[in-house]
Every structure is written in C-alpha cells, then in structure tokens.
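**Q** What follows is run22.txt, compact mmCIF, C-alpha atoms and all ligand atoms.
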# COMPACT_ATOMS: atom_id res chain seq x y z
CA MET A 1 12.18 5.47 -19.90
CA LEU A 2 13.76 6.86 -16.77
CA LYS A 3 16.77 4.84 -15.83
CA ALA A 4 19.13 4.99 -12.88
CA ALA A 5 22.68 6.11 -13.23
CA GLU A 6 24.75 2.98 -12.56
CA LEU A 7 24.93 2.95 -8.79
CA THR A 8 26.86 0.47 -6.70
CA LEU A 9 26.42 -0.18 -3.01
CA GLU A 10 29.98 1.18 -2.50
CA GLU A 11 28.95 4.56 -3.91
CA MET A 12 26.09 4.72 -1.41
CA GLY A 13 28.52 4.99 1.50
CA ASP A 14 26.97 4.25 4.92
CA LEU A 15 23.48 4.19 3.37
CA ALA A 16 24.40 0.82 1.84
CA GLU A 17 24.41 -0.65 5.34
CA ILE A 18 20.64 -0.39 5.60
CA ILE A 19 19.91 -2.18 2.34
CA PRO A 20 18.66 -5.74 2.99
CA ALA A 21 21.01 -8.59 2.19
CA ALA A 22 20.33 -10.50 -1.03
CA ASP A 23 16.95 -12.06 -0.46
CA PRO A 24 17.18 -15.41 1.39
CA VAL A 25 13.62 -16.30 0.54
CA VAL A 26 13.29 -15.46 -3.12
CA ARG A 27 13.35 -19.18 -3.82
CA LEU A 28 10.76 -19.68 -1.12
CA SER A 29 8.50 -17.08 -2.72
CA TYR A 30 8.41 -19.10 -5.93
CA GLN A 31 7.22 -22.14 -3.99
CA THR A 32 4.25 -20.14 -2.81
CA ILE A 33 2.76 -19.76 -6.26
CA PRO A 34 -0.83 -20.56 -5.31
CA SER A 35 -1.75 -24.16 -5.35
CA PHE A 36 -5.18 -25.24 -4.30
CA ASP A 37 -3.75 -28.41 -2.86
CA HIS A 38 -3.81 -27.42 0.78
CA ARG A 39 -0.98 -29.81 1.75
CA VAL A 40 1.36 -28.33 -0.83
CA ARG A 41 0.40 -24.75 -0.08
CA ARG A 42 1.03 -25.10 3.62
CA THR A 43 4.61 -26.36 3.24
CA VAL A 44 5.23 -22.62 3.25
CA ILE A 45 3.33 -20.04 5.27
CA PRO A 46 3.04 -17.23 2.72
CA VAL A 47 3.51 -13.63 3.72
CA CYS A 48 0.13 -12.95 2.15
CA GLU A 49 -2.51 -14.62 0.00
CA PRO A 50 -6.01 -13.80 -1.22
CA THR A 51 -9.08 -15.10 0.60
CA LEU A 52 -11.75 -15.98 -1.95
CA GLY A 53 -14.52 -17.50 0.08
CA GLY A 54 -17.58 -15.51 -0.98
CA ASN A 55 -19.57 -14.78 -4.13
CA GLU A 56 -16.54 -14.39 -6.42
CA LEU A 57 -17.29 -17.37 -8.69
CA LYS A 58 -21.03 -16.70 -8.74
CA TYR A 59 -20.54 -13.09 -9.87
CA ILE A 60 -17.89 -14.00 -12.45
CA GLN A 61 -20.27 -16.58 -13.85
CA GLN A 62 -22.99 -13.92 -14.11
CA ALA A 63 -20.60 -11.62 -15.98
CA VAL A 64 -19.69 -14.40 -18.43
CA GLU A 65 -23.26 -15.59 -18.90
CA THR A 66 -24.49 -12.07 -19.64
CA ASN A 67 -21.56 -11.46 -22.01
CA TRP A 68 -20.29 -8.41 -20.08
CA ILE A 69 -16.63 -9.21 -19.61
CA SER A 70 -14.91 -6.02 -20.76
CA SER A 71 -14.80 -2.61 -19.16
CA ALA A 72 -18.50 -1.80 -19.18
CA GLY A 73 -21.09 -3.67 -17.13
CA SER A 74 -23.03 -3.46 -13.94
CA PHE A 75 -20.38 -5.00 -11.69
CA ILE A 76 -18.13 -2.01 -12.30
CA ARG A 77 -20.80 0.44 -11.19
CA ASP A 78 -21.81 -1.76 -8.24
CA PHE A 79 -18.23 -2.25 -7.12
CA GLU A 80 -17.50 1.48 -7.39
CA ALA A 81 -20.62 2.36 -5.43
CA SER A 82 -20.20 -0.27 -2.72
CA PHE A 83 -16.51 0.33 -2.09
CA ALA A 84 -16.88 4.13 -2.08
CA ALA A 85 -19.80 3.81 0.37
CA TYR A 86 -17.71 1.50 2.57
CA CYS A 87 -15.01 4.18 2.71
CA GLY A 88 -17.55 6.92 3.40
CA ALA A 89 -16.89 8.65 0.07
CA ARG A 90 -19.43 9.73 -2.56
CA TYR A 91 -17.69 8.51 -5.71
CA GLY A 92 -15.53 5.56 -6.69
CA ILE A 93 -13.58 5.41 -9.95
CA ALA A 94 -12.36 1.85 -10.60
CA CYS A 95 -9.18 1.44 -12.59
CA ALA A 96 -6.53 -1.03 -13.64
CA ASN A 97 -4.32 -0.98 -10.53
CA GLY A 98 -3.29 1.13 -7.55
CA THR A 99 -0.42 2.83 -9.35
CA VAL A 100 -2.66 4.23 -12.05
CA ALA A 101 -5.30 5.16 -9.45
CA MET A 102 -2.65 7.44 -7.91
CA HIS A 103 -1.52 8.71 -11.32
CA LEU A 104 -5.09 9.36 -12.45
CA ALA A 105 -5.90 11.24 -9.24
CA MET A 106 -2.80 13.41 -9.71
CA ALA A 107 -3.52 13.90 -13.42
CA THR A 108 -6.87 15.48 -12.49
CA LEU A 109 -4.92 18.24 -10.71
CA GLY A 110 -3.23 19.25 -13.97
CA LEU A 111 0.25 19.06 -12.45
CA GLU A 112 3.01 20.60 -14.53
CA PRO A 113 6.81 20.34 -14.57
CA GLY A 114 8.12 22.40 -11.67
CA ASP A 115 5.11 21.66 -9.47
CA GLU A 116 6.03 19.92 -6.24
CA VAL A 117 4.30 17.03 -4.50
CA ILE A 118 5.25 16.08 -0.93
CA VAL A 119 5.50 12.32 -0.34
CA PRO A 120 7.05 10.17 2.42
CA THR A 121 10.41 8.60 1.58
CA PHE A 122 9.21 5.46 3.36
CA THR A 123 6.72 4.03 0.88
CA MET A 124 6.37 1.68 -2.04
CA ILE A 125 7.83 3.16 -5.22
CA ALA A 126 4.47 3.51 -7.02
CA THR A 127 3.59 6.52 -4.81
CA ILE A 128 6.48 8.60 -6.06
CA ASN A 129 6.43 7.20 -9.61
CA ALA A 130 2.90 8.58 -9.97
CA VAL A 131 4.32 12.06 -9.31
CA THR A 132 7.11 11.47 -11.81
CA TYR A 133 4.64 10.32 -14.52
CA CYS A 134 3.00 13.78 -14.23
CA GLY A 135 6.34 15.52 -14.78
CA ALA A 136 6.13 17.04 -11.29
CA THR A 137 8.87 16.98 -8.65
CA PRO A 138 8.55 14.68 -5.62
CA VAL A 139 9.67 16.27 -2.35
CA LEU A 140 10.45 13.85 0.48
CA VAL A 141 9.72 13.80 4.20
CA ASP A 142 10.61 11.26 6.88
CA CYS A 143 8.11 9.34 8.99
CA GLU A 144 7.56 9.63 12.72
CA PRO A 145 9.06 6.82 14.83
CA ASP A 146 5.94 5.76 16.76
CA TYR A 147 3.55 4.56 14.06
CA TRP A 148 5.92 4.77 11.05
CA GLN A 149 3.70 7.29 9.21
CA MET A 150 4.46 10.55 7.37
CA ASP A 151 5.81 13.19 9.78
CA VAL A 152 3.35 16.07 9.48
CA GLU A 153 5.72 18.60 11.09
CA GLN A 154 8.26 17.90 8.37
CA VAL A 155 5.58 18.43 5.74
CA ALA A 156 5.05 21.99 7.04
CA ALA A 157 8.75 22.70 6.60
CA LYS A 158 8.77 21.46 2.98
CA ILE A 159 5.87 23.55 1.64
CA THR A 160 6.86 26.09 -1.01
CA PRO A 161 4.81 28.25 -3.42
CA ARG A 162 5.21 25.37 -5.93
CA THR A 163 3.64 22.72 -3.69
CA LYS A 164 0.48 21.48 -5.40
CA ALA A 165 -0.25 18.26 -3.55
CA ILE A 166 0.58 16.23 -0.46
CA VAL A 167 0.36 12.44 -0.48
CA PRO A 168 -0.04 10.83 2.94
CA VAL A 169 0.51 7.07 2.63
CA HIS A 170 -1.23 4.95 5.28
CA ILE A 171 1.71 2.60 5.63
CA TYR A 172 0.93 -1.06 6.39
CA GLY A 173 -2.67 -0.14 7.22
CA HIS A 174 -2.15 2.47 9.98
CA PRO A 175 -3.59 5.90 9.13
CA VAL A 176 -1.55 9.07 8.98
CA ASP A 177 -2.44 11.78 11.53
CA MET A 178 -4.79 13.51 9.09
CA ASP A 179 -6.32 16.44 11.03
CA PRO A 180 -3.14 18.53 11.32
CA LEU A 181 -2.21 17.57 7.76
CA MET A 182 -5.56 18.68 6.33
CA GLU A 183 -5.46 21.88 8.37
CA LEU A 184 -2.00 22.65 6.98
CA ALA A 185 -3.02 21.81 3.40
CA GLN A 186 -6.20 23.87 3.57
CA ARG A 187 -4.28 26.85 4.94
CA HIS A 188 -2.00 26.73 1.89
CA GLY A 189 -4.63 25.71 -0.69
CA ILE A 190 -2.92 22.38 -1.37
CA THR A 191 -4.72 19.20 -2.48
CA VAL A 192 -4.30 16.05 -0.37
CA ILE A 193 -4.42 12.68 -2.11
CA GLU A 194 -4.27 9.73 0.28
CA ASP A 195 -2.32 6.71 -0.88
CA ALA A 196 -4.61 4.16 0.76
CA ALA A 197 -3.30 1.19 -1.24
CA GLU A 198 -2.64 -0.71 2.00
CA ALA A 199 -5.42 0.65 4.19
CA HIS A 200 -8.87 -0.70 3.20
CA GLY A 201 -11.06 -0.15 6.25
CA ALA A 202 -8.44 1.70 8.33
CA GLU A 203 -9.97 4.36 10.57
CA TYR A 204 -8.88 7.79 11.71
CA LYS A 205 -11.04 9.21 14.52
CA GLY A 206 -13.96 7.08 13.35
CA ARG A 207 -13.64 7.97 9.66
CA ARG A 208 -12.29 5.54 7.09
CA ALA A 209 -9.27 5.86 4.85
CA GLY A 210 -10.47 6.98 1.45
CA SER A 211 -12.65 9.72 2.93
CA LEU A 212 -9.97 11.69 4.78
CA GLY A 213 -8.31 13.72 2.01
CA ASP A 214 -9.55 15.36 -1.20
CA ALA A 215 -9.19 12.02 -2.98
CA ALA A 216 -7.58 8.65 -2.33
CA GLY A 217 -6.08 5.81 -4.35
CA PHE A 218 -6.52 2.13 -3.43
CA SER A 219 -4.88 -1.03 -4.77
CA PHE A 220 -6.62 -4.38 -5.21
CA TYR A 221 -3.48 -6.31 -6.08
CA GLY A 222 -3.46 -9.98 -4.97
CA ASN A 223 -1.67 -9.22 -1.69
CA LYS A 224 -4.09 -6.49 -0.60
CA ILE A 225 -6.83 -6.82 2.02
CA ILE A 226 -9.36 -7.17 -0.77
CA THR A 227 -8.30 -8.05 -4.29
CA THR A 228 -9.49 -8.10 -7.87
CA GLY A 229 -6.29 -9.82 -9.04
CA GLU A 230 -5.05 -6.51 -10.39
CA GLY A 231 -7.09 -3.38 -9.80
CA GLY A 232 -7.38 -0.02 -8.14
CA MET A 233 -9.87 2.71 -7.27
CA ILE A 234 -10.00 6.43 -6.60
CA THR A 235 -12.48 7.52 -3.94
CA THR A 236 -13.54 11.13 -3.53
CA ASP A 237 -16.40 13.44 -2.56
CA ASN A 238 -15.42 15.89 -5.27
CA ARG A 239 -17.81 15.57 -8.19
CA GLU A 240 -15.64 17.47 -10.68
CA LEU A 241 -12.57 15.42 -9.82
CA ALA A 242 -14.58 12.19 -10.15
CA ARG A 243 -16.00 13.20 -13.53
CA LEU A 244 -12.59 14.11 -14.89
CA ALA A 245 -11.07 10.89 -13.55
CA TRP A 246 -13.83 8.75 -15.16
CA ASN A 247 -13.20 10.57 -18.42
CA LEU A 248 -9.39 10.42 -18.34
CA ARG A 249 -9.56 6.73 -17.39
CA ASP A 250 -11.31 6.04 -20.69
CA HIS A 251 -9.10 7.80 -23.28
CA ALA A 252 -10.87 11.08 -22.46
CA PHE A 253 -13.61 10.30 -24.99
CA SER A 254 -15.82 13.34 -25.45
CA SER A 255 -19.55 13.18 -24.76
CA GLU A 256 -20.21 15.60 -27.64
CA ARG A 257 -19.06 13.35 -30.47
CA HIS A 258 -17.18 10.11 -31.00
CA PHE A 259 -13.38 10.13 -31.26
CA TRP A 260 -13.16 13.75 -30.12
CA HIS A 261 -10.60 14.37 -27.38
CA LYS A 262 -9.89 17.46 -25.28
CA TYR A 263 -7.36 15.82 -22.96
CA VAL A 264 -4.55 13.31 -23.27
CA GLY A 265 -6.39 10.47 -21.57
CA PHE A 266 -5.36 6.96 -20.64
CA ASN A 267 -6.70 3.47 -20.86
CA TYR A 268 -6.77 2.74 -17.13
CA ARG A 269 -10.04 0.81 -17.16
CA MET A 270 -10.98 -2.13 -14.97
CA THR A 271 -12.91 -5.06 -16.46
CA ASN A 272 -16.36 -6.18 -15.36
CA LEU A 273 -14.80 -9.58 -14.51
CA GLN A 274 -12.41 -7.94 -12.06
CA ALA A 275 -15.20 -5.81 -10.62
CA ALA A 276 -17.30 -8.98 -10.12
CA VAL A 277 -14.54 -10.32 -7.87
CA GLY A 278 -14.22 -6.90 -6.23
CA LEU A 279 -17.89 -6.70 -5.32
CA ALA A 280 -17.73 -10.15 -3.70
CA GLN A 281 -14.63 -9.07 -1.81
CA VAL A 282 -16.22 -5.86 -0.47
CA GLU A 283 -19.02 -8.01 0.95
CA GLN A 284 -16.37 -9.75 3.09
CA LEU A 285 -14.22 -6.74 3.95
CA ASP A 286 -15.49 -6.33 7.52
CA LYS A 287 -14.69 -10.00 8.17
CA PHE A 288 -11.17 -9.67 6.70
CA VAL A 289 -10.43 -6.55 8.74
CA ALA A 290 -11.66 -8.22 11.94
CA ALA A 291 -9.46 -11.27 11.24
CA ARG A 292 -6.38 -9.11 10.67
CA ARG A 293 -6.94 -7.15 13.87
CA ALA A 294 -7.40 -10.38 15.83
CA ASN A 295 -4.27 -11.90 14.23
CA ALA A 296 -2.26 -8.79 15.09
CA GLY A 297 -3.41 -9.04 18.71
CA GLU A 298 -2.31 -12.70 18.83
CA TYR A 299 1.08 -11.86 17.31
CA SER A 300 1.68 -8.98 19.74
CA CYS A 301 0.76 -11.10 22.80
CA ARG A 302 3.07 -13.91 21.79
CA LEU A 303 6.00 -11.65 20.85
CA TYR A 304 5.69 -9.66 24.08
CA GLY A 305 8.85 -9.75 26.16
CA ILE A 306 11.22 -11.08 23.49
CA PRO A 307 14.22 -8.76 23.80
CA GLY A 308 14.94 -6.58 20.78
CA ILE A 309 11.60 -7.19 19.02
CA THR A 310 9.43 -4.09 18.55
CA THR A 311 5.82 -4.80 17.66
CA PRO A 312 3.61 -2.27 15.85
CA ARG A 313 1.94 0.45 17.92
CA GLN A 314 -1.47 1.93 17.28
CA ALA A 315 -2.22 5.60 17.93
CA GLU A 316 -5.21 6.22 20.18
CA TRP A 317 -6.92 8.04 17.31
CA ALA A 318 -6.34 5.17 14.87
CA LYS A 319 -7.69 1.77 14.00
CA ASN A 320 -5.01 -0.11 12.12
CA VAL A 321 -6.06 -2.83 9.66
CA PHE A 322 -2.63 -4.51 9.70
CA TRP A 323 -2.31 -5.03 5.98
CA MET A 324 1.07 -6.36 7.02
CA TYR A 325 2.10 -7.16 10.58
CA GLY A 326 5.56 -5.61 10.80
CA ILE A 327 8.22 -5.92 13.50
CA LEU A 328 11.61 -4.29 14.10
CA VAL A 329 14.59 -6.42 15.09
CA ASP A 330 17.31 -4.78 17.19
CA LYS A 331 20.38 -6.92 16.51
CA GLN A 332 22.12 -6.00 19.75
CA ALA A 333 19.19 -6.82 22.01
CA TYR A 334 17.75 -9.79 20.08
CA GLY A 335 21.08 -11.39 19.25
CA LEU A 336 20.45 -11.84 15.52
CA SER A 337 20.10 -9.24 12.80
CA ARG A 338 16.84 -8.84 10.91
CA ASP A 339 18.33 -10.67 7.92
CA GLU A 340 19.64 -13.51 10.11
CA LEU A 341 16.19 -13.91 11.65
CA ARG A 342 14.65 -13.92 8.17
CA ALA A 343 16.95 -16.76 7.17
CA VAL A 344 15.88 -18.81 10.24
CA LEU A 345 12.22 -18.16 9.44
CA ALA A 346 12.79 -19.14 5.81
CA GLU A 347 14.43 -22.43 6.90
CA ASN A 348 11.19 -23.11 8.76
CA GLY A 349 9.04 -22.41 5.71
CA ILE A 350 7.93 -18.99 6.88
CA GLU A 351 7.91 -16.33 4.20
CA THR A 352 8.64 -12.75 5.27
CA ARG A 353 9.41 -9.44 3.53
CA THR A 354 11.78 -6.71 4.53
CA PHE A 355 10.28 -3.24 4.98
CA PHE A 356 10.41 -0.79 2.08
CA ILE A 357 13.73 0.63 0.93
CA PRO A 358 13.25 4.43 1.20
CA MET A 359 12.93 6.46 -1.96
CA HIS A 360 16.11 8.49 -1.31
CA CYS A 361 18.07 5.21 -1.40
CA GLN A 362 16.67 3.98 -4.71
CA PRO A 363 19.09 3.83 -7.65
CA VAL A 364 16.49 5.41 -9.95
CA TYR A 365 15.99 8.42 -7.63
CA TRP A 366 19.54 8.57 -6.24
CA ASN A 367 20.59 11.71 -8.10
CA ALA A 368 17.30 13.49 -7.37
CA PHE A 369 17.74 13.16 -3.60
CA LYS A 370 21.52 12.90 -3.30
CA GLY A 371 22.78 13.81 0.16
CA GLN A 372 19.32 13.81 1.79
CA ARG A 373 18.98 11.69 4.94
CA TYR A 374 15.85 10.44 6.70
CA PRO A 375 16.91 8.55 9.83
CA VAL A 376 13.56 7.03 10.82
CA ALA A 377 12.94 5.58 7.36
CA GLU A 378 16.53 4.32 7.26
CA ARG A 379 16.12 2.55 10.61
CA LEU A 380 12.85 0.96 9.46
CA CYS A 381 14.56 -0.20 6.28
CA ARG A 382 17.45 -1.75 8.22
CA ASP A 383 15.50 -3.48 11.00
CA GLY A 384 11.95 -4.04 9.72
CA LEU A 385 10.33 -7.17 8.40
CA TYR A 386 6.78 -8.25 8.06
CA LEU A 387 5.44 -11.62 9.07
CA PRO A 388 2.73 -13.72 7.39
CA SER A 389 -0.34 -11.49 7.49
CA ALA A 390 -3.13 -12.95 5.32
CA SER A 391 -6.71 -12.70 6.57
CA SER A 392 -6.82 -16.53 6.42
CA LEU A 393 -3.83 -17.00 8.74
CA THR A 394 -4.61 -19.50 11.51
CA LEU A 395 -3.82 -19.37 15.21
CA ASP A 396 -1.63 -22.48 14.81
CA GLU A 397 0.40 -20.66 12.19
CA ILE A 398 0.81 -17.59 14.41
CA GLU A 399 1.91 -19.83 17.27
CA PHE A 400 4.42 -21.57 15.00
CA VAL A 401 5.87 -18.30 13.63
CA THR A 402 6.20 -16.65 17.03
CA GLY A 403 7.63 -19.88 18.49
CA VAL A 404 10.39 -19.87 15.87
CA ILE A 405 11.17 -16.19 16.65
CA ARG A 406 11.32 -16.91 20.38
CA GLU A 407 13.51 -20.00 20.00
CA ALA A 408 15.90 -18.25 17.61
CA CYS A 409 16.72 -15.58 20.21
CA PRO A 410 20.10 -16.53 21.74
CA HIS A 411 19.30 -14.50 24.89
CA LEU A 412 16.26 -16.56 25.95
C1 LIG A 501 1.66 2.30 -0.77
C2 LIG A 501 1.37 1.74 -2.14
N1 LIG A 501 1.02 2.58 -3.12
C3 LIG A 501 0.73 2.13 -4.35
C4 LIG A 501 0.80 0.78 -4.67
C5 LIG A 501 0.54 0.34 -6.06
O1 LIG A 501 -0.52 -0.54 -6.23
P1 LIG A 501 -0.56 -1.56 -7.45
O2 LIG A 501 0.44 -2.63 -7.18
O3 LIG A 501 -1.96 -2.07 -7.46
O4 LIG A 501 -0.23 -0.81 -8.67
C6 LIG A 501 1.13 -0.13 -3.67
C7 LIG A 501 1.19 -1.55 -3.99
O5 LIG A 501 1.67 -2.41 -3.35
C8 LIG A 501 1.45 0.36 -2.36
O6 LIG A 501 1.81 -0.48 -1.38
Translate this structure into structure tokens?
Ligand SMILES: Cc1ncc(COP(=O)(O)O)c(C=O)c1O
**A**
Amino acid sequence: MLKAAELTLEEMGDLAEIIPAADPVVRLSYQTIPSFDHRVRRTVIPVCEPTLGGNELKYIQQAVETNWISSAGSFIRDFEASFAAYCGARYGIACANGTVAMHLAMATLGLEPGDEVIVPTFTMIATINAVTYCGATPVLVDCEPDYWQMDVEQVAAKITPRTKAIVPVHIYGHPVDMDPLMELAQRHGITVIEDAAEAHGAEYKGRRAGSLGDAAGFSFYGNKIITTGEGGMITTDNRELARLAWNLRDHAFSSERHFWHKYVGFNYRMTNLQAAVGLAQVEQLDKFVAARRANAGEYSCRLYGIPGITTPRQAEWAKNVFWMYGILVDKQAYGLSRDELRAVLAENGIETRTFFIPMHCQPVYWNAFKGQRYPVAERLCRDGLYLPSASSLTLDEIEFVTGVIREACPHL
C-alpha cells in the first residue's frame, strides 16, 4: 500500500491556504442517504442524486427471471453496444467502476516503471492513481483559466522520450480542447486516453466524449449523469485494444484452454444486473443531458450580476453537459469566502462540494511533486464549489439556491 509521509498543513506552507476548511456539510451529506419518502429527501437539496425513471426495474427483473445475474448475460453486451454507439465509438468494455476503466485502458498500453503519463493536477485522484497502479510516473500540468480544462500548451512542454500516454480529463462535463492535443500526441506517437468519467454526452466540435482520443474511461457511479450504482466503461475504436481490455478484465483467461494465462489479468467485471440498469439509463441519457443544460442556463441567469461570483463558461467549440454546476467565489468582491458561503448554504439545507484539491497538494503525492506549483488549479481549489446539479433538480430548487446566494452577499 502506498501511504503518505505524515504531512501537516503547517508543512505545506502557503499551499495550506487553499485547502478547504473542515467540511461544514459532512453531517448534511449523511442526511441525504437516499430515502424514497419525498418529504424527507427534500429537507436537503442534494448535490447530486440518481434519476431512475425508466426501464431499470423491468430490465433487472428480466435479468433475475432469466437467472443471468453475474458477469455474463445479454444486458452487458447490449449496454456496451448502446453506450459505445451513443459516444460514437466502435467498442465498449464494461467494467466494475471508472477507476478500473482507466487502469484497464492504461494496462493495455503495457506501461512500465519509468514510463511517463501526463495528467492534469486538477482532477479527481482516481485519474492519477490509475497511472500509479501501472508503476508508471504521473507528470502534472495545470489547467487553463477559462474552462478549467487541461492546458494543452503545458502538455507540449512536459513531453519527454519517456512519455507514453496523455490523459485529458473532461472536468465537470466540459471537454478538453482535443484537436491540438491529438495533433501533438500523434506527432510524438503518444496514446491519448480520455478520462470521461464526468462527461457522458459532452461534445467537442460535434463529436462526443469517448470518441475523441485513442480510448476513454467512463464512470457510472451513483453521482454520475448515468449510473449503474457502481460501474465503468472503456470506449474505443481500436479493435486490438478492446480485445485486450475484454481479456484483461476477465483474469486474462486464454481462449486456447481453460485456466491458461498469458497476462496478469484482473477481475474488473460488471454484472448483468448493473448492465440492466445501465441500458435503461442510456435510453434516458439525452433527456438527462438536456435537463442539465437547461438547469445550468437557469443557474447562470439567476447568478448573473452577483459581485464576485464566476459562473462556468463554455468554449464555442464545446457543449458542456454540466455534470456539476461549479462557481468561483471571490471573497473580496462577494464579501464572504467560499467556505463561509458553503456554511450559509448548508444552514439552508443546500448541499455543495468544494472543487477538487489538486494532485500536487495531496499528502499521498506530496513528495512526488514537492515544490511544483500550478496557480490555476490552486485558485480553483480555493474558490470553487459546486451547487446541486442532479438531472432531477427543479426550477423551484434552483430559484431557492440562487436566492440564498444573492441574499448572503453583504454588498447587495
Ligand atoms: C475524473 C474522474 N475520474 C475517475 C473517476 C473514478 O470513477 P469511479 O468512482 O467510478 O471509480 C471519477 C469519479 O468520480 C472522476 O471524477
């Protein structure tokens, strides 16, 4: 097990100032454990929740009635095919969660110790852990300040002869500027694996996330735009990569004879029960994406003009899916810090989350990236929070949340 050297906030120097205060809404989060009693559930507006309004139960019942509940069965194939087609990719390889989707995709590259993989420092830790599981070395870049995505110019500066892969992460559902990244990668013969865990349906110049790199990893965790409870998928057009991933996912069983293994494989399988839910969710994905875009528009209209609140921007080449609707809070201009605003929102039963803490600030990676600074990611970490963002969020709820933010501003 990799473990952090004991690291205190004091030892982090001025970097400690960007780390969010002890969470004011941890208690609140526990109250949001799903209850199907609508009155109880709505005492708190959760930051996210699944929307299960389609064929989920029907398909699960079919899986149970036909006795196919483990990791073989037609729902797995149907879910793989339908989600890959939705993304515009040829193959889908379903697996246990988004973290192992990323690990499996990287494992197919045969990464070795000493190989380097370029990842953004501003991401969720699973992105970089997947590199670490392969024994390779993560190399960090900052994000650009406009859309909060991986800074492609910095990627160019970090390429070395050891660079084997680049991992653009479509943060919060906005795509990375992929054309210059792919051009750069192709020039150097480097594989690009999108981390699309947060970006189901996001579009870059009319093409969907999951079809933009050499391969992509998705998450279907309960807070994602579509969910299977736990789950993940690789999408790719590369037949060899897909074949290897299917094989490695399943202990690398050999087709020649039973219990004959040529690779160290994994058990990263998804069950037919999960895939039954997944297939029902894909059927509703267009509807969920439309709801999130509409909700983001409502949020941005209502937050417009509040001093010190920055709402998310969308590049003209992008269609964001707003997995999370994030804002930045400038303490000086707004009059309260991000954490103070969070506390006010929590008092009103509104659950929020702070933005990611960058990888170079994590205790477990502190020594690996000691002394490195990434100012955009640090600013996002200090000032960013995301508001309730579920596909099922109502206009009343958006009005309530934005009303609380407006009223809490001492300057209005
Ligand atoms: C960017 C990113 N990558 C990877 C993951 C990992 O997905 P999972 O939680 O399904 O393992 C997440 C999950 O939240 C994520 O946000």
**Q** Between atom CA of Met12 of chain A and atom CA of Gln372 of chain A, what is the distance in Å, rounded to a tenth?
**A** 11.8 Å
**Q** Taking all atoms listed in the file into account, report as a ChimeraX atom specification which residues have an atom no farther than 7 Å from an atom of ligand LIG 501 (chain A).
**A** /A:97-100,123-124,126-127,169,171,195-198,219-221,230-232
**Q** Could the residues in this selection be written to a file with C-alpha atoms, as a tab-separated table (two decimals), keeping the file's coordinate frame?
**A**
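Wrote it out as out.tsv, contents follow:
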chain	number	residue	atom	x	y	z
A	97	ASN	CA	-4.32	-0.98	-10.53
A	98	GLY	CA	-3.29	1.13	-7.55
A	99	THR	CA	-0.42	2.83	-9.35
A	100	VAL	CA	-2.66	4.23	-12.05
A	123	THR	CA	6.72	4.03	0.88
A	124	MET	CA	6.37	1.68	-2.04
A	126	ALA	CA	4.47	3.51	-7.02
A	127	THR	CA	3.59	6.52	-4.81
A	169	VAL	CA	0.51	7.07	2.63
A	171	ILE	CA	1.71	2.60	5.63
A	195	ASP	CA	-2.32	6.71	-0.88
A	196	ALA	CA	-4.61	4.16	0.76
A	197	ALA	CA	-3.30	1.19	-1.24
A	198	GLU	CA	-2.64	-0.71	2.00
A	219	SER	CA	-4.88	-1.03	-4.77
A	220	PHE	CA	-6.62	-4.38	-5.21
A	221	TYR	CA	-3.48	-6.31	-6.08
A	230	GLU	CA	-5.05	-6.51	-10.39
A	231	GLY	CA	-7.09	-3.38	-9.80
A	232	GLY	CA	-7.38	-0.02	-8.14
**Q** One decimal, Å: what's the distance from atom CA of Thr43 of chain A over to atom CA of Glu399 of chain A, could you say?
**A**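 Pair atom CA of Thr43 of chain A / atom CA of Glu399 of chain A returns 15.7 Å.
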**Q** Between A:Ile159, A:Cys95, A:Ile166, A:Ala291, which residue has the minimum interatomic distance to Ile118 of chain A, considering only C-alpha atoms?
**A** A:Ile166
**Q** To one decimal place in Å, what is the distance between atom CA of Ala377 of chain A and atom CA of Ile125 of chain A?
**A**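 Between these atoms lies a distance of 13.8 Å.
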**Q** Find the residue from A:Lys58, A:Arg249, A:His360, A:Arg379 that sits nearest to Ala96 of chain A; use all atoms listed in the file when measuring.
**A** A:Arg249
**Q** Compile the contact shell of Leu241 of chain A as an NGL selection string: residues with an atom at most 8 Å away, counting all atoms listed in the file, same-chain residues fewer than 3 positions apart removed.
**A** :A and (105 or 108 or 236 or 238 or 244-245)
**Q** Please identify all polymer residues within 12 Å of segment 268-272 of chain A, counting all atoms listed in the file, omitting same-chain residues fewer than 6 positions from it, and present them as a ChimeraX atom specification.
**A** /A:59-64,66-80,93-105,219-220,228-234,245-252,278-279
**Q** Ranking A:Ile18, A:Leu52, A:Ala85, A:Ile357 by minimum distance to Asp237 of chain A and counting all atoms listed in the file, which one comes first?
**A**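 Smallest separation from Asp237 of chain A among the options: A:Ala85.
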